[in-house]
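Student: Before we start, here is the structure in question, set down as structure tokens.
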Amino acid sequence: MIQKSKKEINLFYFIFLLCLFLASLDIYYYHDFDFLYYSCVSFLLLSTYYLISNLKKMIFMYKSLFEQIYDPVVIINQSTGEIVDCNIKAGELLGYTKEELLKINIKDIYCNSRKFEKFKYNIFEKHEEKFYNKNGEKIDVLIISKKIELNKSGFFCQEIWRNKTLHKENADKIIKEFSELYSNNKVLQDFVHIASHDLQAPIRKIKFYTEKIKTSHESNNENSFYDYLNKVSLSCDKLKKLIEDLTIFSKINYNKIVYEKISINDLVEEIVEENFKEIEILLFFEDNIFLYASYTLIKQLFYNILSNSVKYRHNDRTLNIKITKTKNIIKISDNGVGFNNKYKETILVAFNRLYTDDEIPGTGIGLAICSSIMKRHNGEIETNGRLGEGCDIILKFPREVII
Amino acid sequence: MIKNRLVVFITDDDEDDIEMIREEIEKHAGEKVIIKISNNGEELIDYLNSNDNLIPDLILLDLKMPKVDGIQVLKYVKGKKSLMSIPIIVLSNSSDEDDVDNSYLNGANSYVTKPTDYKDLVETIFKLEKFWMETAMLPRKKIDD
């Protein structure tokens with residue numbers, strides 16, 4: 001705006017000089033002052049019009065800026081305490097409308113009115129105050145003030161008010177988000193480290209056995225030849241399963257959650273019907289449980305928990321799975337082989353297992369996926385094992401998720 | 001005579017890996033070595049704690065195992081006066097620097113990334129044995145049988 005008017009003023013100046021030049025020619029050749037007189041008058045009129053229209057524009061711009069700015073801004077007559085101008089945000093901060101605030105004397109909203117007297121002549125650039133809002137509650141306000149002298153009779157003060165508690169809340173929010181980001185990054189780093197570790201093993205085996213196949217082929221040893229081929233194939237299967245599980249695990253934190261109402265009883269029966277039809281399972285539900293959560297994630301969660309129960313079932317007895325709800329906690333108990341309770345933390349970490357691959361095959365990612373899904377729903381997962389008797393998986397959901 | 005034979009203890013959760021290592025050691029130094037095996041750290045610690053067993057001359061240790069992992073075994077063995085003189089070679093899938101540092105920090109004597117060819121490993125074992133027995137003058141265990 002100012003840049004633009006500078007250009008226009010330059011144009012005015014140029015026209016004025018041109019007029020003076022023409023007027024001097026007029027004086028030199030015709031010896032009269034008519035041209036000078038008329039040009040001066042018309043120039044005066046034109047510049048007044050220009051100034052007024054420009055001032056209008058400036059006032060409009062200033063007003064809209066003043067109103068649209070995010071922070072509450074007030075202009076105060078410092079000698080009387082009268083609020084000369086303020087924007088809508090300033091009113092909102094104290095619970096007034098703009099018009100109401102303009103009628104108020106600043107002394108009245110100061111919790112300690114004597115403090116205003118103190119600031120009457122000494123203006124601090126930055127200070128904290130307590131104001132009363134419309135309902136008479138105290139609010140902490142951070143004030144950034146600047147003195148503006150308009151005339152000699154008194155000076156005005158332009159103040160930016162900030163709600164200190166809100167300010168602090170915002171800062172806390174940023175800190176929280178940052179630390180979340182940091183811990184996510186840490187998890188990702190650990191994950192890459194362990195994943196590379198576990199992915200290396202099958203690849204190395206494939207390489208090792210193919211080398212063996214080469215040599216055994218040369219020596220015509222057919223038995224070991226098929227044995228090695230079989231090992232390569234098993235390693236490939238293991239690699240495939242690992243990559244599948246890793247894909248699920250990495251997706252949990254990045255896909256958007258679509259919340260919907262889920263009946264856990266129906267979901268569990270559906271999972272059992274789809275996947276474990278050939279295994280005898282007795283399901284017990286204490287009552288109907290409903291969740292308001294992501295269907296795909298919760299299905300994955302219960303699939304992993306149930307498949308663990310099936311995988312680690314006791315061979316001497318029928319598998320019983322009991323699902324109960326108390327307040328916001330869902331407990332899934334089984335009567336499988338269980339585990340020593342001292343490992344209850346370690347089994348939740350990715351790739352940690354309690355059995356070797358030859359005893360019971362697995363990738364060690366299942367419960368880590370469950371833990372991630374619970375975190376995504378702002379919940380927690382706990383395990384509780386009794387060696388030889390079974391285990392409990394305890395899912396703690398936030399209150400708004402359980403219906 | 002067992003006296004002159006080296007007792008090597010392999011601790012790994014992967015049966016295939018154990019088989020590969022055993023095969024390779026037997027191929028290159030079958031008559032010189034007695035091989036003992038455990039599938040996890042817990043078994044190894046139990047083995048070391050019972051008095052009737054041969055104390056191993058060398059432990060080949062995997063890092064990632066169920067229940068008690070390699071680092072915990074290192075901490076246990078190297079922290080116990082009667083066992084700290086047993087050399088340990090960490091044998092892991094990982095070539096990550098953190099794993100290497102962590103192993104050496106906890107007292108590992110050597111770190112070998114699991115190779116596709118175990119010739120190097122056998123060489124390392126015998127180099128380490130030579131160093132251990134001749135240079136470090138480790139007192140050998142008394143076995144009559």
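Identifiers for the structure tokens are assigned positionally: chains receive A, B, ... in sequence, residues are indexed from 1 per chain, and ligands are indexed from 1 in the order shown.
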Select, as a count of residues only, those residues of chain A with any atom no more than 7 Å from chain B (distances computed using only C-alpha atoms).
Tutor: 12
Student: Write out as JSON, numbers by chain all residues of segment 37-178 of chain A that DSSP puts in helix (DSSP H, G or I) for this structure's backbone.
Tutor: {"A": [37, 38, 39, 40, 41, 42, 43, 44, 45, 46, 47, 48, 49, 50, 51, 52, 53, 54, 55, 56, 57, 58, 59, 60, 61, 62, 63, 64, 65, 66, 67, 68, 88, 89, 90, 91, 92, 93, 94, 98, 99, 100, 101, 102, 103, 106, 107, 108, 109, 113, 114, 115, 116, 117, 118, 119, 164, 165, 166, 167, 168, 169, 170, 171, 172, 173, 174, 175, 176, 177, 178]}
Student: Would you work out the distance separating atom CA of Val84 of chain A from atom CA of Leu102 of chain A, expressed in Å to one decimal?
Tutor: 6.8 Å
Student: With distances taken over only C-alpha atoms, which residue among A:Leu246, A:Ile402, A:Asn10, A:His377 lies nearest Asn288 of chain A?
Tutor: A:Ile402
Student: When you look at Asn230 of chain A with a cut-off of 12 Å (counting only C-alpha atoms), what residues show up, excluding the ones that are within fewer than 3 positions of it in the same chain? I need them as number ranges by chain.
Tutor: A: 205-206, 209-210, 213, 223-227, 233-237
Student: Just want the 8 Å neighbourhood of Leu297 of chain A, counted on only C-alpha atoms, with same-chain residues fewer than 4 positions away dropped. Output as a PyMOL selection string.
Tutor: chain A and resi 252+301+373
Student: For the atom pair atom CA of Arg399 of chain A and atom CA of Lys375 of chain A, what is the interatomic distance in Å to one decimal place?
Tutor: 14.1 Å
Student: Please provide as a list in words all residues within 9 Å of Asn384 of chain A, with the sequence filter that same-chain residues fewer than 5 positions apart are discarded (counting only C-alpha atoms).
Tutor: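 The neighbour list is Gly338, Phe339, Asn340, Asn341, Lys344, Gly390, Cys391, Asp392, Ile393 and Ile394 of chain A.
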Student: As a PyMOL selection string, please: the residues near Asn378 of chain A (cut-off 12 Å, only C-alpha atoms, same-chain neighbours under 2 positions excluded).
Tutor: chain A and resi 253+293+371-376+380-381+395-401
Student: Given the choices B:Asn51, B:Glu31, B:Asn106, B:Leu63, which gets closest to Val77 of chain B if the distance is worked out from only C-alpha atoms?
Tutor: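 The answer is B:Asn106, which sits nearest to Val77 of chain B.
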Student: Please identify the strand (DSSP E or B) residues within segment 65-296 of chain A (assignment by DSSP from backbone atoms) and present them as a ChimeraX atom specification.
Tutor: /A:73-77,82-86,105,110,126-132,138-151,154-163,259-263,281-285,290-294
Student: Please write the residues from the selection above to a file, keeping C-alpha atoms, as an mmCIF file, in the first residue's frame.
Tutor:
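And here is the file that came out, result.cif:
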```cif
data_model
loop_
_atom_site.group_PDB
_atom_site.id
_atom_site.type_symbol
_atom_site.label_atom_id
_atom_site.label_comp_id
_atom_site.auth_asym_id
_atom_site.auth_seq_id
_atom_site.Cartn_x
_atom_site.Cartn_y
_atom_site.Cartn_z
ATOM 1 C CA VAL A 73 -5.466 -5.615 20.645
ATOM 2 C CA VAL A 74 -6.670 -2.550 22.567
ATOM 3 C CA ILE A 75 -5.763 1.128 22.441
ATOM 4 C CA ILE A 76 -6.079 2.840 25.791
ATOM 5 C CA ASN A 77 -6.010 6.454 26.819
ATOM 6 C CA GLU A 82 -10.672 4.848 28.741
ATOM 7 C CA ILE A 83 -10.576 2.170 26.004
ATOM 8 C CA VAL A 84 -10.332 4.127 22.763
ATOM 9 C CA ASP A 85 -10.435 1.217 20.372
ATOM 10 C CA CYS A 86 -10.320 -2.550 20.503
ATOM 11 C CA ASN A 105 -12.931 1.818 31.816
ATOM 12 C CA TYR A 110 -7.973 -4.694 36.654
ATOM 13 C CA LYS A 126 5.913 -6.824 28.751
ATOM 14 C CA HIS A 127 4.074 -7.591 31.956
ATOM 15 C CA GLU A 128 1.517 -9.956 33.405
ATOM 16 C CA GLU A 129 -1.812 -8.878 34.826
ATOM 17 C CA LYS A 130 -4.937 -10.344 36.298
ATOM 18 C CA PHE A 131 -8.191 -9.162 34.715
ATOM 19 C CA TYR A 132 -11.782 -9.815 35.652
ATOM 20 C CA LYS A 138 -9.893 -13.899 37.169
ATOM 21 C CA ILE A 139 -7.822 -14.493 34.030
ATOM 22 C CA ASP A 140 -4.056 -14.330 33.713
ATOM 23 C CA VAL A 141 -3.150 -12.078 30.832
ATOM 24 C CA LEU A 142 0.225 -11.463 29.282
ATOM 25 C CA ILE A 143 0.412 -7.852 28.052
ATOM 26 C CA ILE A 144 2.756 -6.483 25.426
ATOM 27 C CA SER A 145 2.378 -2.720 25.388
ATOM 28 C CA LYS A 146 3.708 0.182 23.352
ATOM 29 C CA LYS A 147 3.374 3.890 23.999
ATOM 30 C CA ILE A 148 1.945 6.018 21.235
ATOM 31 C CA GLU A 149 1.881 9.816 21.629
ATOM 32 C CA LEU A 150 -0.884 11.383 19.570
ATOM 33 C CA ASN A 151 -1.021 14.822 21.143
ATOM 34 C CA GLY A 154 -2.037 12.786 27.050
ATOM 35 C CA PHE A 155 -0.557 9.663 25.665
ATOM 36 C CA PHE A 156 -2.129 6.528 24.434
ATOM 37 C CA CYS A 157 -1.031 2.993 24.821
ATOM 38 C CA GLN A 158 -1.431 0.162 22.378
ATOM 39 C CA GLU A 159 -1.656 -3.188 24.125
ATOM 40 C CA ILE A 160 -1.683 -6.779 22.898
ATOM 41 C CA TRP A 161 -3.309 -9.119 25.371
ATOM 42 C CA ARG A 162 -2.631 -12.821 25.489
ATOM 43 C CA ASN A 163 -4.493 -15.376 27.544
ATOM 44 C CA TYR A 259 -14.589 -45.110 13.821
ATOM 45 C CA GLU A 260 -17.640 -47.371 13.821
ATOM 46 C CA LYS A 261 -19.680 -49.426 16.233
ATOM 47 C CA ILE A 262 -18.391 -52.992 16.587
ATOM 48 C CA SER A 263 -19.944 -55.932 18.399
ATOM 49 C CA ILE A 281 -12.878 -73.978 20.865
ATOM 50 C CA LEU A 282 -15.341 -73.178 23.647
ATOM 51 C CA LEU A 283 -16.163 -69.470 23.669
ATOM 52 C CA PHE A 284 -17.647 -67.778 26.745
ATOM 53 C CA PHE A 285 -19.029 -64.263 26.706
ATOM 54 C CA PHE A 290 -19.615 -53.013 21.962
ATOM 55 C CA LEU A 291 -16.720 -50.806 20.909
ATOM 56 C CA TYR A 292 -16.599 -47.586 18.975
ATOM 57 C CA ALA A 293 -13.318 -48.058 17.108
ATOM 58 C CA SER A 294 -11.649 -48.929 13.804
#
```
Student: Nearest residue to Arg22 of chain B out of B:Ile45, B:Leu6, B:Ile55, B:Ile34, using only C-alpha atoms?
Tutor: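 Closest to Arg22 of chain B of all the choices is B:Ile34.
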Student: Find, counting only C-alpha atoms, the residue in B:Leu61, B:Lys32, B:Glu26, B:Leu83 that gets nearest to Asn49 of chain B.
Tutor: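 The shortest atom-to-atom distance to Asn49 of chain B comes from B:Leu83.
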Student: List as a tab-separated table (two decimals) with C-alpha atoms, in the first residue's frame the protein and nucleic acid residues near Asn53 of chain B, meaning an atom at most 12 Å away when only C-alpha atoms are counted, but skip any in the same chain fewer than 2 places from it.
Tutor:
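So the final result, stored in around.tsv, reads:
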```tsv
chain	number	residue	atom	x	y	z
B	7	VAL	CA	34.89	-78.26	24.25
B	9	PHE	CA	29.36	-74.87	23.41
B	36	LYS	CA	27.70	-79.16	23.19
B	44	LEU	CA	23.53	-72.59	28.92
B	45	ILE	CA	23.45	-70.91	32.33
B	46	ASP	CA	21.97	-74.05	33.90
B	47	TYR	CA	24.71	-76.11	32.25
B	48	LEU	CA	27.47	-73.83	33.55
B	49	ASN	CA	26.03	-73.85	37.04
B	50	SER	CA	25.95	-77.59	37.50
B	51	ASN	CA	29.31	-78.95	38.72
B	55	ILE	CA	33.39	-76.48	31.49
B	56	PRO	CA	33.45	-75.29	27.87
B	141	LYS	CA	40.38	-77.76	33.57
B	142	LYS	CA	41.20	-81.04	35.25
B	143	ILE	CA	39.50	-83.95	33.60
```
Student: Expressed in Å to a single decimal, how great is the separation between atom CA of Ile360 of chain A and atom CA of Lys240 of chain A?
Tutor: 17.2 Å
